[in-house]
Amino acid sequence: MTKIKIALLIKQVIDTRISEGWAPGADGTVDRNALPAIINPEDLHALEQTLRLKEQLGGNAEIVAISMGPQRAAEALRECIWRGADDAVLISDRKVAGADTLATSYALALAIKKVGASLIFAGRQTIDGDTAHVGPQVAQALGIPQITYAEEVALEGDSLVVKRRLDDGFEVVKSPLKALITVGSSAAKCRFCNAKRMLRSRKAEIKTWSAADLDGDLSRFGLAGSPTQVLYSEPIVTESKGGVVLTSSIEDIATLVAELRSNHTIE
Amino acid sequence: MENIIVFCETRNGELCDVSLELVTKARLLAEELGCKVDAIVIGKEVSSLSKTLFEYGINRVFCADDERLSEYLTLPYTRIVTSVVAEQHPQIFLAGATNVGRDLAPRVAAELQCGLTADCTELRIGECEDTAGVKHENILLQIRPNFVGNQLTTIVSTSSRPQMATMREGVVSKQRVDNPVAGEIITINTQSLLTEEDFAVSILKREVEARKSNLKGAKVVVAGGYGVGSRENFELLYRLAELLHGEVGSTRAAVDAGYCDHSTMIGQTGVTVRPKLYIAVGISGQVQHTVGMEKSGTIISINRDPEAPINKIADYVIVGDARECVTHLIDQLSK
């Protein structure tokens with residue numbers, strides 16, 4: 001049996017999750033340097049699924065982590081190797097910068113073709129963009145089926161059986177092995193870095209490809225290839241409603257409950 | 001003038017609320033643009049839904065009636081929507097930001113090489129200047145919260161058509177028109193359009209889970225954030241909600257901390273609520289949460305921090321420990 005090549009799409013993001021732990025400035029902006037850079041959380045859930053699939057294939061698979069971003073994103077790719085990926089590729093070039101999801105997926109699809117992967121995994125969405133576009137757009141660019149919101153992926157013969165989350169429940173679908181699967185946070189967590197792998201590949205070299213290496217249409221990369229344009233961002237500075245301020249004393253809370261009852265806010 | 005097309009999602013043979021909300025929104029945009037709104041409906045025996053769509057002001061319904069399409073499937077749905085859009089050249093295409101809409105819209109956008117904005121909380125018509133300095137009128141301004149920082153970002157697609165956006169459920173109220181439109185049903189021939197490869201993925205099993213709560217329609221919501229402090233403290237919120245005949249909601253931070261289930265999450269990636277009374281416990285008030293609850297009637301914020309952003313939109317601010325305040329509230333309400 002020939003080795004199955006699995007591509008794993010990841011993004012390095014700024015960790016903004018514990019939103020109560022830090023606060024934006026008065027103008028609504030955030031000091032990005034104050035927050036750590038991590039692998040997008042749902043991409044790790046996707047990595048775990050690729051590792052499980054490789055086990056089901058008796059190790060007969062090669063997992064190649066692919067990312068697009070600045071040079072420092074190589075750290076995130078190296079972490080993927082420590083956690084079990086076999087190889088990693090970083091697309092890094094000023095020509096691909098400023099890409100929206102369409103231009104991003106174009107570059108990623110070219111990299112996947114160059115790697116020669118037939119099965120692709122990605123996180124459902126990133127915590128900085130939160131669009132969930134890139135997975136489906138890569139699948140469309142490659143002309144293969146997609147299965148989004150996956151929770152469990154099992155190999156059955158030469159098909160995949162995938163349990164996926166719906167708005168009102170779940171469904172189990174059967175898909176060919178040539179497909180793109182996005183994994184959500186309801187799937188299993190990723191295993192930790194393996195100490196031996198860390199030692200062995202502490203300085204693992206991460207391949208870096210430029211836009212030219214991808215051999216694509218240059219007008220479809222980066223800002224030039226992005227049909228969407230951010231017009232402006234406005235800080236949400238809310239004028240205070242001037243609400244009644246109370247203490248946690250029993251008296252204050254009793255007064256509040258009485259008021260809510262008298263104005264029929266509560267029955 | 002090119003029209004607006006709305007992809008109308010169905011569930012169990014009924015039109016989803018989010019689709020009727022989108023149609024209502026699209027109608028308002030169309031009035032400004034002086035165009036009409038068309039709909040695409042796909043599924044089994046869906047042509048009967050056209051009557052409802054005409055009551056909501058839809059001009060033409062593109063109908064793909066095929067029993068193979070009773071459940072959503074990415075590939076055939078994408079092919080149908082793409083073919084209608086490519087043929088009709090609408091200026092705007094809208095879909096709900098549901099699991100279905102968020103699966104379909106990016107694929108359609110990639111096929112048509114169009115710009116797409118996800119999870120909009122507001123859509124407006126306006127003018128803008130593109131990166132080359134060229135002015136454009138009657139452009140769809142696509143507004144969504146920016147997660148890195150408390151910002152609202154306005155996005156436009158000036159160079160590609162249609163301008164595509166998905167919009168979240170519950171941000172506009174659905175509304176019928178005074179007089180139903182004498183609209184037209186256009187049948188799509190799925191037999192000739194769809195290929196065998198479009199059915200490469202098949203559904204083996206589908207299970208609808210009973211809703212654990214009726215958060216969306218609740219009159220009272222007691223929501224907890226990271227500041228609730230523990231799963232044990234979170235149990236108190238359930239007792240408070242029960243006393244008020246309400247439901248329990250949460251923030252992303254509370255879900256991430258393991259205090260409560262994902263299904264209770266309110267905000268940009270969760271449910272949008274509009275209750276008569278909203279009690280926010282230990283919630284700082286990041287925009288990704290407040291977009292899901294700011295239209296509530298009376299808002300009470302319980303927070304240790306008197307400067308918490310959510311206090312600005314609260315009618316009552318109780319400064320204090322979450323556990324202590326909630327316990328007092330429970331005691332008072334039990335009387």
# chains A, B, ... in the order shown; residues from 1 in each chain; ligands from 1
>>> select_by_dssp(residues="region 104-296 of chain B", states="strand (DSSP E or B)", output="PyMOL selection string")
chain B and resi 116-120+122-129+135-146+151-156+163-167+184-187+202-208+220-224+247-250+265-266+271+277-281
>>> residues_around(residues="region 212-219 of chain A", least_positions_apart="4", cutoff="9 Å", atoms="only C-alpha atoms", output="MDAnalysis selection string")
chainID A and resid 91 95:96 106:107 110:111 114 223:225
>>> write_last_selection(atoms="C-alpha atoms", output="PDB file, in the first residue's frame")
ATOM      1  CA  ILE A  91       4.861  29.830   2.902  1.00  0.00           C
ATOM      2  CA  LYS A  95       3.948  38.859  -1.993  1.00  0.00           C
ATOM      3  CA  VAL A  96       1.474  36.685  -0.061  1.00  0.00           C
ATOM      4  CA  TYR A 106      -5.251  29.911  -3.305  1.00  0.00           C
ATOM      5  CA  ALA A 107      -1.684  29.863  -1.959  1.00  0.00           C
ATOM      6  CA  LEU A 110      -0.877  25.378  -4.504  1.00  0.00           C
ATOM      7  CA  ALA A 111       1.346  24.307  -1.613  1.00  0.00           C
ATOM      8  CA  LYS A 114       3.303  20.762  -4.522  1.00  0.00           C
ATOM      9  CA  LEU A 223      -3.395  41.866  -1.158  1.00  0.00           C
ATOM     10  CA  ALA A 224      -3.628  41.929  -4.971  1.00  0.00           C
ATOM     11  CA  GLY A 225      -5.562  38.676  -5.029  1.00  0.00           C
TER      12      GLY A 225
END
>>> residues_around(residues="Pro227 (chain A)", least_positions_apart="5", cutoff="9 Å", atoms="only C-alpha atoms", output="list in words")
Asp100, Leu102 and Ala103 of chain A; Gln113, Cys114, Gly115, Leu116, Val156, Ser157, Thr158, Ser159 and Ser160 of chain B
>>> select_by_dssp(residues="region 101-169 of chain A", states="helix (DSSP H, G or I)", output="JSON, numbers by chain")
{"A": [101, 102, 103, 104, 105, 106, 107, 108, 109, 110, 111, 112, 113, 114, 115, 134, 135, 136, 137, 138, 139, 140, 141, 142]}
>>> write_last_selection(atoms="N, CA, C and O atoms", output="JSON list (two decimals), in the first residue's frame")
[["chain", "number", "residue", "atom", "x", "y", "z"],
["A", 101, "THR", "N", -9.25, 35.59, 2.78],
["A", 101, "THR", "CA", -9.37, 34.13, 2.81],
["A", 101, "THR", "C", -9.25, 33.51, 1.42],
["A", 101, "THR", "O", -8.75, 32.41, 1.26],
["A", 102, "LEU", "N", -9.71, 34.24, 0.40],
["A", 102, "LEU", "CA", -9.65, 33.69, -0.97],
["A", 102, "LEU", "C", -8.19, 33.57, -1.44],
["A", 102, "LEU", "O", -7.78, 32.53, -1.96],
["A", 103, "ALA", "N", -7.41, 34.64, -1.24],
["A", 103, "ALA", "CA", -6.01, 34.61, -1.65],
["A", 103, "ALA", "C", -5.19, 33.64, -0.79],
["A", 103, "ALA", "O", -4.27, 32.99, -1.27],
["A", 104, "THR", "N", -5.56, 33.53, 0.49],
["A", 104, "THR", "CA", -4.89, 32.58, 1.38],
["A", 104, "THR", "C", -5.12, 31.15, 0.90],
["A", 104, "THR", "O", -4.19, 30.35, 0.80],
["A", 105, "SER", "N", -6.38, 30.85, 0.58],
["A", 105, "SER", "CA", -6.70, 29.48, 0.18],
["A", 105, "SER", "C", -6.07, 29.15, -1.17],
["A", 105, "SER", "O", -5.69, 28.00, -1.41],
["A", 106, "TYR", "N", -5.91, 30.14, -2.01],
["A", 106, "TYR", "CA", -5.25, 29.91, -3.31],
["A", 106, "TYR", "C", -3.80, 29.47, -3.08],
["A", 106, "TYR", "O", -3.35, 28.45, -3.64],
["A", 107, "ALA", "N", -3.09, 30.20, -2.23],
["A", 107, "ALA", "CA", -1.68, 29.86, -1.96],
["A", 107, "ALA", "C", -1.57, 28.50, -1.26],
["A", 107, "ALA", "O", -0.71, 27.69, -1.61],
["A", 108, "LEU", "N", -2.44, 28.25, -0.29],
["A", 108, "LEU", "CA", -2.39, 26.97, 0.43],
["A", 108, "LEU", "C", -2.68, 25.80, -0.51],
["A", 108, "LEU", "O", -2.02, 24.76, -0.43],
["A", 109, "ALA", "N", -3.65, 25.99, -1.42],
["A", 109, "ALA", "CA", -4.00, 24.91, -2.36],
["A", 109, "ALA", "C", -2.80, 24.59, -3.26],
["A", 109, "ALA", "O", -2.51, 23.41, -3.53],
["A", 110, "LEU", "N", -2.07, 25.61, -3.67],
["A", 110, "LEU", "CA", -0.88, 25.38, -4.50],
["A", 110, "LEU", "C", 0.19, 24.61, -3.72],
["A", 110, "LEU", "O", 0.83, 23.70, -4.25],
["A", 111, "ALA", "N", 0.35, 24.98, -2.44],
["A", 111, "ALA", "CA", 1.35, 24.31, -1.61],
["A", 111, "ALA", "C", 0.96, 22.84, -1.40],
["A", 111, "ALA", "O", 1.82, 21.95, -1.42],
["A", 112, "ILE", "N", -0.32, 22.59, -1.22],
["A", 112, "ILE", "CA", -0.79, 21.20, -1.03],
["A", 112, "ILE", "C", -0.50, 20.37, -2.28],
["A", 112, "ILE", "O", -0.03, 19.24, -2.20],
["A", 113, "LYS", "N", -0.73, 20.97, -3.44],
["A", 113, "LYS", "CA", -0.44, 20.26, -4.69],
["A", 113, "LYS", "C", 1.04, 19.95, -4.80],
["A", 113, "LYS", "O", 1.44, 18.86, -5.20],
["A", 114, "LYS", "N", 1.86, 20.94, -4.42],
["A", 114, "LYS", "CA", 3.30, 20.76, -4.52],
["A", 114, "LYS", "C", 3.79, 19.67, -3.56],
["A", 114, "LYS", "O", 4.67, 18.87, -3.89],
["A", 115, "VAL", "N", 3.18, 19.63, -2.37],
["A", 115, "VAL", "CA", 3.52, 18.60, -1.38],
["A", 115, "VAL", "C", 3.05, 17.23, -1.88],
["A", 115, "VAL", "O", 3.65, 16.20, -1.57],
["A", 134, "VAL", "N", -11.37, 29.40, 5.11],
["A", 134, "VAL", "CA", -10.20, 28.86, 4.42],
["A", 134, "VAL", "C", -10.34, 27.37, 4.07],
["A", 134, "VAL", "O", -10.03, 26.97, 2.95],
["A", 135, "GLY", "N", -10.85, 26.58, 5.01],
["A", 135, "GLY", "CA", -11.03, 25.14, 4.73],
["A", 135, "GLY", "C", -11.85, 24.92, 3.46],
["A", 135, "GLY", "O", -11.35, 24.36, 2.47],
["A", 136, "PRO", "N", -13.12, 25.36, 3.47],
["A", 136, "PRO", "CA", -13.95, 25.16, 2.27],
["A", 136, "PRO", "C", -13.35, 25.78, 1.00],
["A", 136, "PRO", "O", -13.48, 25.22, -0.09],
["A", 137, "GLN", "N", -12.67, 26.91, 1.12],
["A", 137, "GLN", "CA", -12.13, 27.55, -0.08],
["A", 137, "GLN", "C", -10.93, 26.80, -0.64],
["A", 137, "GLN", "O", -10.73, 26.76, -1.85],
["A", 138, "VAL", "N", -10.15, 26.17, 0.24],
["A", 138, "VAL", "CA", -9.05, 25.32, -0.24],
["A", 138, "VAL", "C", -9.65, 24.10, -0.95],
["A", 138, "VAL", "O", -9.20, 23.70, -2.03],
["A", 139, "ALA", "N", -10.70, 23.52, -0.34],
["A", 139, "ALA", "CA", -11.35, 22.34, -0.95],
["A", 139, "ALA", "C", -11.88, 22.67, -2.34],
["A", 139, "ALA", "O", -11.73, 21.90, -3.29],
["A", 140, "GLN", "N", -12.49, 23.84, -2.46],
["A", 140, "GLN", "CA", -13.03, 24.25, -3.77],
["A", 140, "GLN", "C", -11.89, 24.44, -4.77],
["A", 140, "GLN", "O", -11.98, 24.01, -5.92],
["A", 141, "ALA", "N", -10.80, 25.07, -4.31],
["A", 141, "ALA", "CA", -9.66, 25.31, -5.20],
["A", 141, "ALA", "C", -9.07, 23.98, -5.69],
["A", 141, "ALA", "O", -8.59, 23.88, -6.81],
["A", 142, "LEU", "N", -9.12, 22.95, -4.83],
["A", 142, "LEU", "CA", -8.57, 21.64, -5.21],
["A", 142, "LEU", "C", -9.61, 20.77, -5.90],
["A", 142, "LEU", "O", -9.28, 19.70, -6.41]]
>>> atom_distance(atom1="CA of Lys189 (chain A)", atom2="CA of His262 (chain B)")
15.1 Å
>>> residues_around(residues="Val220 (chain B)", least_positions_apart="3", cutoff="10 Å", atoms="only C-alpha atoms", output="PDB file with N, CA and C atoms, in the first residue's frame")
ATOM      1  N   THR A 265     -40.456  43.635  35.859  1.00  0.00           N
ATOM      2  CA  THR A 265     -39.363  43.011  35.103  1.00  0.00           C
ATOM      3  C   THR A 265     -39.337  41.525  35.449  1.00  0.00           C
ATOM      4  N   ILE A 266     -39.615  41.232  36.726  1.00  0.00           N
ATOM      5  CA  ILE A 266     -39.782  39.822  37.114  1.00  0.00           C
ATOM      6  C   ILE A 266     -41.151  39.642  37.756  1.00  0.00           C
TER       7      ILE A 266
ATOM      8  N   LEU B 215     -32.681  29.017  24.956  1.00  0.00           N
ATOM      9  CA  LEU B 215     -31.964  30.254  25.241  1.00  0.00           C
ATOM     10  C   LEU B 215     -32.428  31.396  24.354  1.00  0.00           C
ATOM     11  N   GLY B 217     -35.213  32.117  22.885  1.00  0.00           N
ATOM     12  CA  GLY B 217     -36.512  32.725  23.139  1.00  0.00           C
ATOM     13  C   GLY B 217     -36.786  33.033  24.606  1.00  0.00           C
ATOM     14  N   ALA B 223     -26.499  34.805  32.731  1.00  0.00           N
ATOM     15  CA  ALA B 223     -25.296  34.374  32.017  1.00  0.00           C
ATOM     16  C   ALA B 223     -24.062  34.531  32.885  1.00  0.00           C
ATOM     17  N   ALA B 241     -31.637  30.989  37.669  1.00  0.00           N
ATOM     18  CA  ALA B 241     -32.418  30.982  36.434  1.00  0.00           C
ATOM     19  C   ALA B 241     -33.742  30.253  36.633  1.00  0.00           C
ATOM     20  N   GLU B 242     -33.702  29.178  37.397  1.00  0.00           N
ATOM     21  CA  GLU B 242     -34.906  28.392  37.648  1.00  0.00           C
ATOM     22  C   GLU B 242     -35.942  29.226  38.400  1.00  0.00           C
ATOM     23  N   LEU B 244     -36.304  32.340  38.288  1.00  0.00           N
ATOM     24  CA  LEU B 244     -36.795  33.414  37.413  1.00  0.00           C
ATOM     25  C   LEU B 244     -37.447  32.859  36.145  1.00  0.00           C
ATOM     26  N   HIS B 245     -37.626  31.547  36.076  1.00  0.00           N
ATOM     27  CA  HIS B 245     -38.170  30.874  34.890  1.00  0.00           C
ATOM     28  C   HIS B 245     -37.363  31.247  33.647  1.00  0.00           C
ATOM     29  N   GLY B 246     -36.078  31.310  33.825  1.00  0.00           N
ATOM     30  CA  GLY B 246     -35.211  31.711  32.717  1.00  0.00           C
ATOM     31  C   GLY B 246     -34.243  30.607  32.320  1.00  0.00           C
ATOM     32  N   GLU B 247     -33.282  30.965  31.483  1.00  0.00           N
ATOM     33  CA  GLU B 247     -32.288  30.018  30.995  1.00  0.00           C
ATOM     34  C   GLU B 247     -30.887  30.517  31.359  1.00  0.00           C
ATOM     35  N   VAL B 248     -29.938  29.591  31.337  1.00  0.00           N
ATOM     36  CA  VAL B 248     -28.555  29.954  31.652  1.00  0.00           C
ATOM     37  C   VAL B 248     -27.737  30.115  30.371  1.00  0.00           C
ATOM     38  N   VAL B 273     -29.325  36.632  21.971  1.00  0.00           N
ATOM     39  CA  VAL B 273     -30.533  36.651  22.802  1.00  0.00           C
ATOM     40  C   VAL B 273     -31.059  38.086  22.967  1.00  0.00           C
ATOM     41  N   ARG B 274     -32.329  38.175  23.289  1.00  0.00           N
ATOM     42  CA  ARG B 274     -32.966  39.470  23.455  1.00  0.00           C
ATOM     43  C   ARG B 274     -34.018  39.368  24.573  1.00  0.00           C
ATOM     44  N   PRO B 275     -33.608  38.953  25.778  1.00  0.00           N
ATOM     45  CA  PRO B 275     -34.595  38.730  26.843  1.00  0.00           C
ATOM     46  C   PRO B 275     -35.057  40.045  27.476  1.00  0.00           C
ATOM     47  N   LYS B 276     -36.097  39.929  28.294  1.00  0.00           N
ATOM     48  CA  LYS B 276     -36.616  41.080  29.036  1.00  0.00           C
ATOM     49  C   LYS B 276     -35.605  41.449  30.123  1.00  0.00           C
ATOM     50  N   LEU B 277     -34.999  40.418  30.719  1.00  0.00           N
ATOM     51  CA  LEU B 277     -34.014  40.644  31.782  1.00  0.00           C
ATOM     52  C   LEU B 277     -32.761  39.809  31.532  1.00  0.00           C
ATOM     53  N   TYR B 278     -31.610  40.473  31.583  1.00  0.00           N
ATOM     54  CA  TYR B 278     -30.330  39.787  31.384  1.00  0.00           C
ATOM     55  C   TYR B 278     -29.470  40.026  32.609  1.00  0.00           C
ATOM     56  N   ILE B 279     -29.078  38.960  33.269  1.00  0.00           N
ATOM     57  CA  ILE B 279     -28.201  39.099  34.435  1.00  0.00           C
ATOM     58  C   ILE B 279     -26.823  38.555  34.050  1.00  0.00           C
ATOM     59  N   SER B 296     -30.947  43.356  24.961  1.00  0.00           N
ATOM     60  CA  SER B 296     -31.787  42.885  26.066  1.00  0.00           C
ATOM     61  C   SER B 296     -32.504  44.070  26.704  1.00  0.00           C
ATOM     62  N   GLY B 297     -33.639  43.787  27.371  1.00  0.00           N
ATOM     63  CA  GLY B 297     -34.415  44.854  28.014  1.00  0.00           C
ATOM     64  C   GLY B 297     -33.664  45.477  29.168  1.00  0.00           C
ATOM     65  N   THR B 298     -33.749  44.831  30.331  1.00  0.00           N
ATOM     66  CA  THR B 298     -33.037  45.313  31.513  1.00  0.00           C
ATOM     67  C   THR B 298     -31.780  44.467  31.692  1.00  0.00           C
TER      68      THR B 298
END
>>> residues_around(residues="region 59-69 of chain A", least_positions_apart="2", cutoff="9 Å", atoms="only C-alpha atoms", output="ChimeraX atom specification")
/A:1-12,47,50-51,53-57,71-74,76-77,80-81,84-93,96-97,104,107-108,111-112,115,117
>>> write_last_selection(atoms="N, CA and C atoms", output="short mmCIF file (atom, residue, chain, number, x, y, z; two decimals), in the first residue's frame")
data_model
loop_
_atom_site.label_atom_id
_atom_site.label_comp_id
_atom_site.auth_asym_id
_atom_site.auth_seq_id
_atom_site.Cartn_x
_atom_site.Cartn_y
_atom_site.Cartn_z
N MET A 1 0.84 -1.20 0.00
CA MET A 1 0.00 0.00 0.00
C MET A 1 0.87 1.25 0.00
N THR A 2 0.56 2.17 -0.86
CA THR A 2 1.36 3.40 -0.90
C THR A 2 1.01 4.28 0.30
N LYS A 3 2.00 5.03 0.70
CA LYS A 3 1.83 5.93 1.83
C LYS A 3 0.83 7.03 1.49
N ILE A 4 -0.06 7.31 2.42
CA ILE A 4 -1.01 8.42 2.21
C ILE A 4 -0.36 9.69 2.74
N LYS A 5 -0.39 10.72 1.92
CA LYS A 5 0.17 11.99 2.36
C LYS A 5 -0.96 12.87 2.87
N ILE A 6 -0.85 13.27 4.11
CA ILE A 6 -1.89 14.10 4.72
C ILE A 6 -1.33 15.50 4.96
N ALA A 7 -2.03 16.50 4.47
CA ALA A 7 -1.61 17.88 4.75
C ALA A 7 -2.42 18.41 5.94
N LEU A 8 -1.74 19.10 6.83
CA LEU A 8 -2.41 19.73 7.98
C LEU A 8 -2.19 21.24 7.86
N LEU A 9 -3.28 21.99 7.74
CA LEU A 9 -3.17 23.44 7.61
C LEU A 9 -3.26 24.09 8.98
N ILE A 10 -2.24 24.88 9.32
CA ILE A 10 -2.28 25.54 10.63
C ILE A 10 -1.98 27.03 10.49
N LYS A 11 -2.34 27.78 11.53
CA LYS A 11 -2.01 29.20 11.55
C LYS A 11 -1.50 29.58 12.94
N GLN A 12 -0.48 30.41 12.97
CA GLN A 12 -0.03 30.94 14.25
C GLN A 12 -0.87 32.18 14.56
N LEU A 47 -4.80 18.40 14.19
CA LEU A 47 -3.55 17.62 14.25
C LEU A 47 -3.78 16.28 14.94
N THR A 50 -5.26 13.82 12.63
CA THR A 50 -4.32 13.26 11.64
C THR A 50 -3.45 12.18 12.29
N LEU A 51 -3.07 12.40 13.56
CA LEU A 51 -2.24 11.42 14.25
C LEU A 51 -3.01 10.12 14.48
N LEU A 53 -5.47 9.07 12.65
CA LEU A 53 -5.67 8.42 11.35
C LEU A 53 -4.40 7.68 10.94
N LYS A 54 -3.26 8.30 11.21
CA LYS A 54 -1.99 7.64 10.88
C LYS A 54 -1.86 6.33 11.66
N GLU A 55 -2.29 6.33 12.90
CA GLU A 55 -2.27 5.09 13.70
C GLU A 55 -3.18 4.03 13.06
N GLN A 56 -4.37 4.47 12.62
CA GLN A 56 -5.30 3.53 11.99
C GLN A 56 -4.73 2.97 10.69
N LEU A 57 -3.86 3.75 10.05
CA LEU A 57 -3.23 3.31 8.81
C LEU A 57 -1.96 2.50 9.09
N GLN A 71 8.05 34.74 9.17
CA GLN A 71 9.08 33.76 9.52
C GLN A 71 8.88 33.13 10.89
N ARG A 72 8.39 33.95 11.85
CA ARG A 72 8.27 33.41 13.21
C ARG A 72 7.23 32.29 13.31
N ALA A 73 6.38 32.15 12.29
CA ALA A 73 5.38 31.07 12.30
C ALA A 73 6.05 29.71 12.20
N ALA A 74 7.35 29.70 11.88
CA ALA A 74 8.11 28.44 11.85
C ALA A 74 8.08 27.77 13.22
N ALA A 76 5.59 27.63 15.26
CA ALA A 76 4.33 26.88 15.37
C ALA A 76 4.44 25.57 14.60
N LEU A 77 5.10 25.61 13.44
CA LEU A 77 5.26 24.39 12.63
C LEU A 77 6.17 23.39 13.34
N CYS A 80 4.31 21.49 15.77
CA CYS A 80 3.53 20.41 15.15
C CYS A 80 4.39 19.15 15.01
N ILE A 81 5.66 19.35 14.66
CA ILE A 81 6.57 18.20 14.54
C ILE A 81 6.79 17.55 15.91
N GLY A 84 4.03 15.36 16.62
CA GLY A 84 3.86 14.14 15.83
C GLY A 84 3.82 14.29 14.32
N ALA A 85 3.79 15.52 13.80
CA ALA A 85 3.80 15.69 12.34
C ALA A 85 5.17 15.27 11.80
N ASP A 86 5.21 14.83 10.54
CA ASP A 86 6.45 14.32 9.97
C ASP A 86 7.29 15.39 9.30
N ASP A 87 6.63 16.38 8.76
CA ASP A 87 7.35 17.39 7.98
C ASP A 87 6.57 18.70 8.07
N ALA A 88 7.19 19.79 7.64
CA ALA A 88 6.49 21.07 7.72
C ALA A 88 6.97 22.02 6.64
N VAL A 89 6.05 22.84 6.16
CA VAL A 89 6.35 23.82 5.12
C VAL A 89 5.75 25.16 5.51
N LEU A 90 6.55 26.20 5.41
CA LEU A 90 6.05 27.54 5.67
C LEU A 90 6.07 28.35 4.37
N ILE A 91 4.91 28.92 4.04
CA ILE A 91 4.86 29.83 2.90
C ILE A 91 5.07 31.22 3.48
N SER A 92 6.18 31.84 3.15
CA SER A 92 6.47 33.14 3.72
C SER A 92 7.08 34.04 2.66
N ASP A 93 6.39 35.12 2.38
CA ASP A 93 6.82 36.00 1.31
C ASP A 93 5.99 37.27 1.41
N VAL A 96 2.71 37.35 -0.51
CA VAL A 96 1.47 36.68 -0.06
C VAL A 96 0.86 37.40 1.15
N ALA A 97 1.51 38.47 1.61
CA ALA A 97 1.00 39.17 2.80
C ALA A 97 -0.26 39.96 2.47
N THR A 104 -5.56 33.53 0.49
CA THR A 104 -4.89 32.58 1.38
C THR A 104 -5.12 31.15 0.90
N ALA A 107 -3.09 30.20 -2.23
CA ALA A 107 -1.68 29.86 -1.96
C ALA A 107 -1.57 28.50 -1.26
N LEU A 108 -2.44 28.25 -0.29
CA LEU A 108 -2.39 26.97 0.43
C LEU A 108 -2.68 25.80 -0.51
N ALA A 111 0.35 24.98 -2.44
CA ALA A 111 1.35 24.31 -1.61
C ALA A 111 0.96 22.84 -1.40
N ILE A 112 -0.32 22.59 -1.22
CA ILE A 112 -0.79 21.20 -1.03
C ILE A 112 -0.50 20.37 -2.28
N VAL A 115 3.18 19.63 -2.37
CA VAL A 115 3.52 18.60 -1.38
C VAL A 115 3.05 17.23 -1.88
N ALA A 117 -0.19 16.09 -1.30
CA ALA A 117 -1.13 15.51 -0.34
C ALA A 117 -2.50 15.36 -0.98
#
>>> residues_around(residues="His45 (chain A)", least_positions_apart="6", cutoff="12 Å", atoms="only C-alpha atoms", output="PyMOL selection string")
chain A and resi 8-10+39+51-52+80+83+121-126+149-153+181-192
>>> atom_distance(atom1="CA of Leu75 (chain B)", atom2="CA of Gln88 (chain B)")
20.0 Å
>>> residues_around(residues="Gly227 (chain B)", least_positions_apart="4", cutoff="10 Å", atoms="only C-alpha atoms", output="list in words")
Glu20 and Gly21 of chain A; Asn233, Ala253, Ala254, Val281, Gly282, Ile283, Ser284, Ile302, Asn303, Arg304, Asp305, Asp321, Ala322 and Arg323 of chain B
>>> closest_residue(among="A:Lys174, A:Arg78, A:Lys203, A:Arg164", to="chain B", atoms="only C-alpha atoms")
A:Lys174
